[in-house]
$ cat final_16.cif   # mmCIF, C-alpha atoms (C1' of nucleotides) and all ligand atoms
data_target
loop_
_atom_site.label_atom_id
_atom_site.label_comp_id
_atom_site.auth_asym_id
_atom_site.auth_seq_id
_atom_site.Cartn_x
_atom_site.Cartn_y
_atom_site.Cartn_z
CA MET A 1 8.01 10.88 103.78
CA ALA A 2 11.40 11.91 104.98
CA SER A 3 12.00 15.52 104.15
CA VAL A 4 13.85 15.96 100.89
CA LYS A 5 17.48 16.92 101.37
CA ASN A 6 20.19 18.32 99.15
CA ASN A 7 23.69 17.05 98.63
CA TYR A 8 25.24 19.26 101.32
CA GLN A 9 22.81 17.87 103.85
CA PHE A 10 23.72 14.33 102.84
CA GLU A 11 27.38 15.18 103.35
CA ASP A 12 26.56 16.55 106.77
CA LEU A 13 24.65 13.40 107.56
CA LEU A 14 27.65 11.25 106.68
CA ASP A 15 29.90 13.54 108.70
CA LYS A 16 27.65 13.28 111.71
CA HIS A 17 28.02 9.50 111.64
CA GLN A 18 31.77 9.61 111.01
CA LEU A 19 31.40 8.08 107.59
CA LYS A 20 33.53 9.18 104.69
CA LYS A 21 31.74 11.17 102.02
CA THR A 22 31.93 8.94 98.98
CA ALA A 23 30.03 9.02 95.72
CA PRO A 24 28.28 5.66 96.18
CA ARG A 25 27.02 6.63 99.63
CA LEU A 26 25.74 9.99 98.45
CA ARG A 27 23.89 8.37 95.57
CA VAL A 28 22.22 5.84 97.85
CA LEU A 29 21.14 8.58 100.25
CA SER A 30 19.86 10.70 97.39
CA MET A 31 17.77 7.89 95.98
CA MET A 32 16.27 6.79 99.27
CA TYR A 33 15.44 10.29 100.49
CA SER A 34 13.76 11.18 97.21
CA LYS A 35 11.09 8.50 97.60
CA ASN A 36 8.14 8.18 99.92
CA THR A 37 8.32 4.40 99.88
CA ALA A 38 10.93 1.85 100.81
CA THR A 39 13.33 0.67 98.11
CA SER A 40 13.91 -3.00 97.48
CA GLN A 41 17.40 -4.44 97.31
CA PRO A 42 16.83 -5.60 93.69
CA ASP A 43 15.71 -2.09 92.69
CA LEU A 44 18.71 -0.51 94.35
CA GLU A 45 20.99 -2.95 92.62
CA SER A 46 19.58 -2.30 89.16
CA VAL A 47 19.55 1.47 89.54
CA MET A 48 23.05 1.52 91.02
CA ASN A 49 24.33 -1.09 88.61
CA ASP A 50 27.67 0.65 88.19
CA ILE A 51 28.37 0.32 91.90
CA ASP A 52 29.73 -3.04 92.97
CA ARG A 53 27.09 -5.30 94.57
CA VAL A 54 29.25 -5.87 97.61
CA THR A 55 29.80 -2.16 98.11
CA LEU A 56 26.07 -1.63 97.98
CA TYR A 57 25.49 -4.28 100.64
CA ARG A 58 28.14 -2.72 102.82
CA ILE A 59 26.63 0.73 102.44
CA LEU A 60 23.20 -0.55 103.37
CA ASN A 61 24.57 -2.40 106.36
CA VAL A 62 26.52 0.52 107.73
CA PHE A 63 23.58 2.90 107.21
CA GLU A 64 21.40 0.49 109.11
CA GLU A 65 23.92 0.18 111.95
CA LYS A 66 24.13 3.95 112.23
CA GLY A 67 20.38 4.34 112.38
CA ILE A 68 20.07 6.17 109.07
CA ILE A 69 17.89 3.56 107.39
CA HIS A 70 16.02 0.45 108.45
CA LYS A 71 15.39 -2.83 106.71
CA VAL A 72 11.97 -4.34 106.24
CA PHE A 73 10.99 -7.55 104.48
CA ASP A 74 8.02 -7.41 102.19
CA LEU A 75 5.39 -10.09 101.62
CA ASN A 76 7.75 -12.05 99.39
CA GLY A 77 10.61 -11.94 101.87
CA THR A 78 12.49 -9.42 99.75
CA ALA A 79 14.62 -6.93 101.68
CA ASN A 80 13.47 -3.33 101.44
CA TYR A 81 15.19 -0.29 102.89
CA ALA A 82 13.67 2.95 104.10
CA VAL A 83 14.90 6.13 105.71
CA CYS A 84 14.45 6.31 109.47
CA HIS A 85 12.05 9.04 110.43
CA SER A 86 12.70 9.62 114.08
CA ASP A 87 15.33 9.29 116.71
CA CYS A 88 17.12 6.22 115.48
CA GLY A 89 20.81 6.01 116.24
CA ALA A 90 23.61 3.49 116.31
CA ASN A 91 22.15 0.31 117.81
CA HIS A 92 18.99 2.19 118.79
CA HIS A 93 16.27 1.79 116.25
CA HIS A 94 12.76 2.95 117.04
CA ASP A 95 10.85 2.01 113.95
CA GLU A 96 7.66 0.77 115.51
CA HIS A 97 5.36 1.87 112.76
CA LEU A 98 3.09 0.19 110.29
CA HIS A 99 4.53 -1.19 107.06
CA PHE A 100 1.97 -1.21 104.33
CA ASN A 101 2.64 -3.55 101.45
CA CYS A 102 0.62 -2.67 98.37
CA THR A 103 -0.38 -5.74 96.40
CA GLY A 104 -0.82 -3.56 93.30
CA CYS A 105 2.35 -1.54 92.86
CA LYS A 106 4.32 -3.73 95.32
CA ASN A 107 5.56 -0.66 97.16
CA VAL A 108 6.22 -0.73 100.87
CA TYR A 109 5.05 2.37 102.74
CA CYS A 110 6.32 3.32 106.17
CA LEU A 111 3.31 4.83 107.89
CA ASN A 112 5.15 6.65 110.61
CA GLU A 113 2.21 8.81 111.59
CA LEU A 114 0.26 5.78 112.75
CA THR A 115 0.84 4.90 116.39
CA LEU A 116 0.51 1.30 117.34
CA PRO A 117 -2.13 0.48 119.93
CA ALA A 118 -0.90 -1.15 123.12
CA ILE A 119 -0.63 -4.91 122.91
CA THR A 120 -0.89 -7.30 125.82
CA LEU A 121 1.12 -10.43 125.27
CA PRO A 122 0.36 -13.83 126.79
CA ALA A 123 1.96 -14.37 130.18
CA GLY A 124 5.69 -14.92 130.08
CA PHE A 125 6.47 -13.24 126.80
CA ARG A 126 8.60 -10.13 127.09
CA ALA A 127 8.54 -8.03 123.92
CA GLU A 128 11.12 -5.42 123.03
CA ASP A 129 9.94 -4.37 119.59
CA PHE A 130 6.78 -4.40 117.57
CA THR A 131 6.11 -4.01 113.89
CA LEU A 132 2.73 -4.08 112.26
CA TYR A 133 2.38 -5.21 108.68
CA ALA A 134 -0.63 -4.66 106.50
CA SER A 135 -1.25 -5.58 102.90
CA GLY A 136 -3.83 -4.27 100.50
CA LEU A 137 -4.07 -1.37 98.09
CA CYS A 138 -2.39 1.99 98.46
CA PRO A 139 -4.34 5.14 97.60
CA ARG A 140 -3.05 5.29 94.03
CA CYS A 141 -3.74 1.62 93.28
CA ASP A 142 -7.10 1.66 95.00
CA LYS A 143 -8.25 4.51 92.75
CA LYS A 144 -7.22 2.53 89.69
CA ASN A 145 -8.93 -0.62 90.93
CA PRO A 146 -12.03 -1.23 88.76
CA ALA A 147 -13.55 -3.79 91.13
CA ARG A 148 -13.68 -1.61 94.19
CA ALA A 149 -16.71 -1.28 96.40
CA MET B 1 -0.54 -25.01 119.37
CA ALA B 2 -2.27 -26.99 116.71
CA SER B 3 -3.74 -30.11 118.21
CA VAL B 4 -1.46 -33.11 117.87
CA LYS B 5 -2.63 -35.55 115.24
CA ASN B 6 -1.82 -39.10 114.33
CA ASN B 7 -0.92 -40.52 110.96
CA TYR B 8 -4.47 -41.46 110.02
CA GLN B 9 -5.56 -37.90 110.61
CA PHE B 10 -2.75 -36.64 108.41
CA GLU B 11 -3.91 -38.99 105.66
CA ASP B 12 -7.43 -37.66 106.03
CA LEU B 13 -6.09 -34.14 105.83
CA LEU B 14 -4.33 -34.90 102.55
CA ASP B 15 -7.46 -36.63 101.25
CA LYS B 16 -9.58 -33.64 102.12
CA HIS B 17 -7.36 -31.45 99.98
CA GLN B 18 -7.15 -33.96 97.13
CA LEU B 19 -3.46 -34.50 97.66
CA LYS B 20 -1.90 -37.91 97.27
CA LYS B 21 -0.77 -39.58 100.46
CA THR B 22 2.99 -39.76 100.09
CA ALA B 23 5.71 -40.39 102.63
CA PRO B 24 7.40 -36.99 102.28
CA ARG B 25 4.13 -35.14 102.81
CA LEU B 26 3.20 -37.19 105.84
CA ARG B 27 6.60 -36.58 107.38
CA VAL B 28 6.35 -32.83 106.87
CA LEU B 29 2.88 -32.77 108.42
CA SER B 30 4.03 -34.87 111.33
CA MET B 31 6.94 -32.62 112.07
CA MET B 32 5.03 -29.37 111.82
CA TYR B 33 2.05 -30.53 113.88
CA SER B 34 4.31 -31.83 116.65
CA LYS B 35 5.74 -28.40 117.41
CA ASN B 36 4.25 -25.32 119.01
CA THR B 37 6.50 -23.03 117.02
CA ALA B 38 7.05 -22.38 113.35
CA THR B 39 9.74 -24.35 111.56
CA SER B 40 12.35 -22.65 109.47
CA GLN B 41 13.11 -23.77 105.94
CA PRO B 42 16.74 -24.57 106.89
CA ASP B 43 15.55 -26.71 109.82
CA LEU B 44 13.09 -28.57 107.65
CA GLU B 45 15.78 -29.15 105.09
CA SER B 46 18.27 -30.56 107.56
CA VAL B 47 15.76 -32.79 109.31
CA MET B 48 14.31 -34.02 106.01
CA ASN B 49 17.73 -34.31 104.37
CA ASP B 50 16.83 -37.52 102.60
CA ILE B 51 13.98 -35.79 100.79
CA ASP B 52 14.99 -33.81 97.74
CA ARG B 53 15.17 -30.08 98.34
CA VAL B 54 12.90 -29.36 95.39
CA THR B 55 10.31 -31.81 96.64
CA LEU B 56 10.35 -30.09 100.00
CA TYR B 57 9.77 -26.69 98.40
CA ARG B 58 6.91 -28.10 96.38
CA ILE B 59 5.31 -29.67 99.42
CA LEU B 60 5.53 -26.42 101.36
CA ASN B 61 4.09 -24.47 98.44
CA VAL B 62 1.14 -26.77 97.90
CA PHE B 63 0.39 -26.90 101.63
CA GLU B 64 0.40 -23.13 101.69
CA GLU B 65 -1.89 -22.90 98.65
CA LYS B 66 -4.33 -25.31 100.26
CA GLY B 67 -4.42 -23.36 103.50
CA ILE B 68 -2.78 -26.08 105.60
CA ILE B 69 0.23 -24.00 106.58
CA HIS B 70 1.30 -20.39 106.31
CA LYS B 71 4.68 -18.82 105.69
CA VAL B 72 6.18 -16.16 107.91
CA PHE B 73 9.55 -14.46 107.62
CA ASP B 74 11.56 -14.04 110.80
CA LEU B 75 13.76 -11.11 111.78
CA ASN B 76 16.53 -12.32 109.49
CA GLY B 77 14.24 -12.75 106.50
CA THR B 78 14.36 -16.54 106.80
CA ALA B 79 11.19 -18.34 105.74
CA ASN B 80 9.37 -20.14 108.53
CA TYR B 81 6.30 -22.32 108.20
CA ALA B 82 3.54 -22.93 110.70
CA VAL B 83 0.30 -24.86 110.79
CA CYS B 84 -2.81 -22.79 110.19
CA HIS B 85 -5.03 -22.69 113.22
CA SER B 86 -8.35 -21.57 111.93
CA ASP B 87 -10.46 -21.50 108.85
CA CYS B 88 -7.80 -21.14 106.22
CA GLY B 89 -8.55 -22.74 102.87
CA ALA B 90 -7.32 -22.63 99.30
CA ASN B 91 -6.63 -18.97 98.53
CA HIS B 92 -8.29 -17.91 101.78
CA HIS B 93 -5.80 -17.43 104.55
CA HIS B 94 -6.88 -15.78 107.78
CA ASP B 95 -3.71 -15.72 109.79
CA GLU B 96 -4.05 -12.31 111.39
CA HIS B 97 -2.26 -13.10 114.59
CA LEU B 98 0.91 -12.02 116.33
CA HIS B 99 4.21 -13.58 115.36
CA PHE B 100 6.61 -13.52 118.23
CA ASN B 101 10.26 -13.86 117.32
CA CYS B 102 12.38 -14.87 120.29
CA THR B 103 15.85 -13.33 120.13
CA GLY B 104 17.11 -16.07 122.46
CA CYS B 105 16.06 -19.39 120.98
CA LYS B 106 15.19 -17.84 117.59
CA ASN B 107 11.84 -19.59 117.59
CA VAL B 108 8.83 -18.02 115.94
CA TYR B 109 5.61 -18.40 117.91
CA CYS B 110 2.18 -17.97 116.37
CA LEU B 111 0.12 -16.36 119.11
CA ASN B 112 -3.28 -17.19 117.72
CA GLU B 113 -5.11 -16.45 120.94
CA LEU B 114 -4.15 -12.79 120.74
CA THR B 115 -6.66 -10.70 118.80
CA LEU B 116 -5.33 -7.66 117.04
CA PRO B 117 -6.82 -4.33 118.05
CA ALA B 118 -8.58 -2.38 115.32
CA ILE B 119 -6.26 -0.22 113.25
CA THR B 120 -7.27 2.92 111.43
CA LEU B 121 -5.18 3.50 108.36
CA PRO B 122 -4.42 6.88 106.80
CA ALA B 123 -7.02 7.99 104.27
CA GLY B 124 -6.92 6.12 100.99
CA PHE B 125 -5.22 2.95 102.14
CA ARG B 126 -7.39 -0.15 101.92
CA ALA B 127 -5.98 -3.02 103.95
CA GLU B 128 -6.90 -6.65 103.42
CA ASP B 129 -4.61 -8.35 105.91
CA PHE B 130 -2.71 -7.51 109.03
CA THR B 131 0.14 -9.23 110.78
CA LEU B 132 1.77 -8.07 113.95
CA TYR B 133 5.36 -8.95 114.66
CA ALA B 134 7.05 -8.72 118.02
CA SER B 135 10.54 -9.61 119.09
CA GLY B 136 11.91 -10.23 122.54
CA LEU B 137 12.20 -13.19 124.86
CA CYS B 138 9.83 -16.11 125.03
CA PRO B 139 8.82 -17.48 128.47
CA ARG B 140 11.52 -20.15 128.48
CA CYS B 141 14.33 -17.79 127.44
CA ASP B 142 13.14 -15.03 129.74
CA LYS B 143 13.39 -17.38 132.74
CA LYS B 144 16.95 -18.27 131.78
CA ASN B 145 17.89 -14.63 131.28
CA PRO B 146 20.22 -13.55 134.14
CA ALA B 147 19.89 -9.82 133.42
CA ARG B 148 16.16 -9.58 133.77
CA ALA B 149 14.38 -6.98 135.81
"C1'" DT C 1 51.72 16.69 100.54
"C1'" DA C 2 52.41 12.37 102.85
"C1'" DG C 3 50.69 8.69 105.60
"C1'" DT C 4 46.96 5.92 107.04
"C1'" DA C 5 42.62 4.02 107.92
"C1'" DA C 6 38.51 3.51 105.48
"C1'" DA C 7 36.12 2.31 101.51
"C1'" DT C 8 35.76 0.17 97.18
"C1'" DG C 9 36.21 -3.52 93.56
"C1'" DC C 10 36.80 -8.12 92.32
"C1'" DA C 11 36.79 -13.12 92.72
"C1'" DA C 12 35.18 -16.90 95.04
"C1'" DC C 13 31.84 -18.97 97.70
"C1'" DA C 14 27.41 -20.02 100.29
"C1'" DA C 15 22.50 -20.20 100.82
"C1'" DT C 16 17.95 -20.01 99.05
"C1'" DA C 17 14.71 -20.75 95.40
"C1'" DT C 18 12.98 -21.97 90.65
"C1'" DT C 19 12.74 -24.43 86.08
"C1'" DT C 20 12.93 -28.40 83.16
"C1'" DC C 21 12.61 -33.07 82.31
"C1'" DA C 22 13.02 -38.09 83.25
"C1'" DT C 23 11.38 -41.56 86.46
"C1'" DT C 24 8.50 -43.38 89.99
"C1'" DT C 25 4.24 -43.94 92.50
"C1'" DG C 26 -0.58 -43.43 94.20
"C1'" DT C 27 -5.17 -44.03 92.75
"C1'" DA C 28 -9.10 -45.09 90.04
"C1'" DA C 29 -11.03 -47.70 86.53
"C1'" DA C 30 -11.17 -51.99 83.97
"C1'" DT D 1 -5.72 -57.80 90.62
"C1'" DT D 2 -4.00 -55.61 86.86
"C1'" DT D 3 -3.61 -51.66 83.93
"C1'" DA D 4 -3.33 -46.82 82.79
"C1'" DC D 5 -2.60 -42.23 83.81
"C1'" DA D 6 -2.04 -38.15 86.30
"C1'" DA D 7 0.45 -36.68 90.13
"C1'" DA D 8 4.50 -36.56 92.69
"C1'" DT D 9 9.30 -37.15 93.19
"C1'" DG D 10 14.35 -36.90 92.01
"C1'" DA D 11 18.13 -34.87 89.71
"C1'" DA D 12 20.60 -31.41 87.15
"C1'" DA D 13 20.95 -26.83 85.74
"C1'" DT D 14 20.14 -22.09 86.56
"C1'" DA D 15 18.90 -17.75 89.05
"C1'" DT D 16 18.93 -14.72 92.94
"C1'" DT D 17 20.50 -13.03 97.25
"C1'" DG D 18 24.09 -12.37 100.45
"C1'" DT D 19 28.97 -13.07 102.57
"C1'" DT D 20 34.18 -13.49 102.91
"C1'" DG D 21 38.98 -12.50 101.77
"C1'" DC D 22 42.19 -9.73 99.69
"C1'" DA D 23 44.25 -6.23 96.63
"C1'" DT D 24 43.69 -1.50 95.27
"C1'" DT D 25 42.02 3.07 95.67
"C1'" DT D 26 40.39 7.11 98.05
"C1'" DA D 27 39.11 10.40 101.69
"C1'" DC D 28 40.69 12.59 105.51
"C1'" DT D 29 44.35 13.90 108.96
"C1'" DA D 30 48.45 15.70 110.31
MN MN E 1 9.63 1.60 108.12
MN MN E 2 1.38 -17.70 112.24
ZN ZN E 3 0.09 0.59 95.24
ZN ZN E 4 13.06 -18.30 123.24
#
$ encode --input "final_16.cif" --output "structure tokens"
Amino acid sequence: MASVKNNYQFEDLLDKHQLKKTAPRLRVLSMMYSKNTATSQPDLESVMNDIDRVTLYRILNVFEEKGIIHKVFDLNGTANYAVCHSDCGANHHHDEHLHFNCTGCKNVYCLNELTLPAITLPAGFRAEDFTLYASGLCPRCDKKNPARA
Amino acid sequence: MASVKNNYQFEDLLDKHQLKKTAPRLRVLSMMYSKNTATSQPDLESVMNDIDRVTLYRILNVFEEKGIIHKVFDLNGTANYAVCHSDCGANHHHDEHLHFNCTGCKNVYCLNELTLPAITLPAGFRAEDFTLYASGLCPRCDKKNPARA
DNA sequence: TAGTAAATGCAACAATATTTCATTTGTAAA
DNA sequence: TTTACAAATGAAATATTGTTGCATTTACTA
């Protein structure tokens, strides 16, 4: 999980990226940094229902451009957003980690600690980025699963 | 690529899955089996523009349920559909291959020949399925790329 | 404390996907 | 071959997700 931050640190973060410190932006940062999973666009929209939908989209887009968060689609094609862990910057994302999609709680986990093994592509293909997806049960849901081995 | 098939083989395929042999279904099969890349929902819709949109969605859904095709989301979150290569059946997909998203031609390639290396998940996570995504340039687009190393 | 660029809010629109129901069609049985 | 029925399609309405244009407000600078 991204380390929990306080409001002053969020303001510094916005400063660092030359973004104005506004209430909607601080609330989005606060919500996303307080979780250890990605947040879906529908969830964001319902929690932030007093912020205009368009504003929310613009905040998410600018945060993604700046390298503060990254977007990941879950198994249903729904957009999810998560805090960037490492050295992501404007136009320089390095989010080559595993995204675990729990079929129980539907949460998307960014497993940053897991390094991807080297992949050899068929001749001719030149890859720039990799992302590994897995689906199954997260620790919490696996414990609750009655039919487990 | 899935082996090219003729119309009689498509009819047999529908028979095998207890699906009625209708013109829209045969056209979708014919289109998808003739390509070595996935087909996006917008592409399908524009090519099959005389088939009702809802019918198209229903055909794609039932083909996916039967294990004839699988759905994959590209970098933009757009749904793409590709023929299943191996032993997929109703409720039993085994499409654990690499999906290569070309940033040039935007095509999605199913690289079935590439076997995924074993992945060890953090303790507690129980994975059922894996999918690896890569983005970059496909052989065709890489050849056309002037700025290549 | 102004002045200004940035950010927000709102309305309209576009694209994707689902639900409901009437009509048509493929298939199996008579 | 004809009939009967379930399956499949078509059409309209609705829902969800995302974008564009423009007026208004706000945060920061000077
Ligand atoms: Mn992630
Ligand atoms: Mn595939
Ligand atoms: Zn879970
Ligand atoms: Zn290409």
$ atom_distance --input "final_16.cif" --atom1 "atom CA of A:Arg53" --atom2 "atom C1' of C:DG9"
9.3 Å
$ residues_near_ligand --input "final_16.cif" --ligand "ligand ZN 4 (chain E)" --cutoff "12 Å" --atoms "only C-alpha atoms (C1' of nucleotides) and all ligand atoms" --output "ChimeraX atom specification"
/A:124-127 /B:37,100-109,135-145
$ closest_residue --input "final_16.cif" --among "B:Leu114, B:Ala23, B:Ala123, B:Leu29" --to "ligand MN 2 (chain E)" --atoms "only C-alpha atoms and all ligand atoms"
B:Leu114
$ atom_distance --input "final_16.cif" --atom1 "atom CA of A:Leu19" --atom2 "atom C1' of C:DA6"
8.7 Å
$ atom_distance --input "final_16.cif" --atom1 "atom C1' of D:DT17" --atom2 "atom C1' of C:DA14"
10.3 Å
$ closest_residue --input "final_16.cif" --among "B:Gly89, B:Pro24, B:Pro42, B:Pro117" --to "chain A" --atoms "all atoms listed in the file"
B:Pro117
$ interface_residues --input "final_16.cif" --of "chain A" --to "chain D" --cutoff "8 Å" --atoms "all atoms listed in the file" --output "list in words"
Lys20, Lys21 and Thr22 of chain A
$ residues_near_ligand --input "final_16.cif" --ligand "ligand MN 1 (chain E)" --cutoff "6 Å" --atoms "all atoms listed in the file" --output "PyMOL selection string"
chain A and resi 82+95+99+110
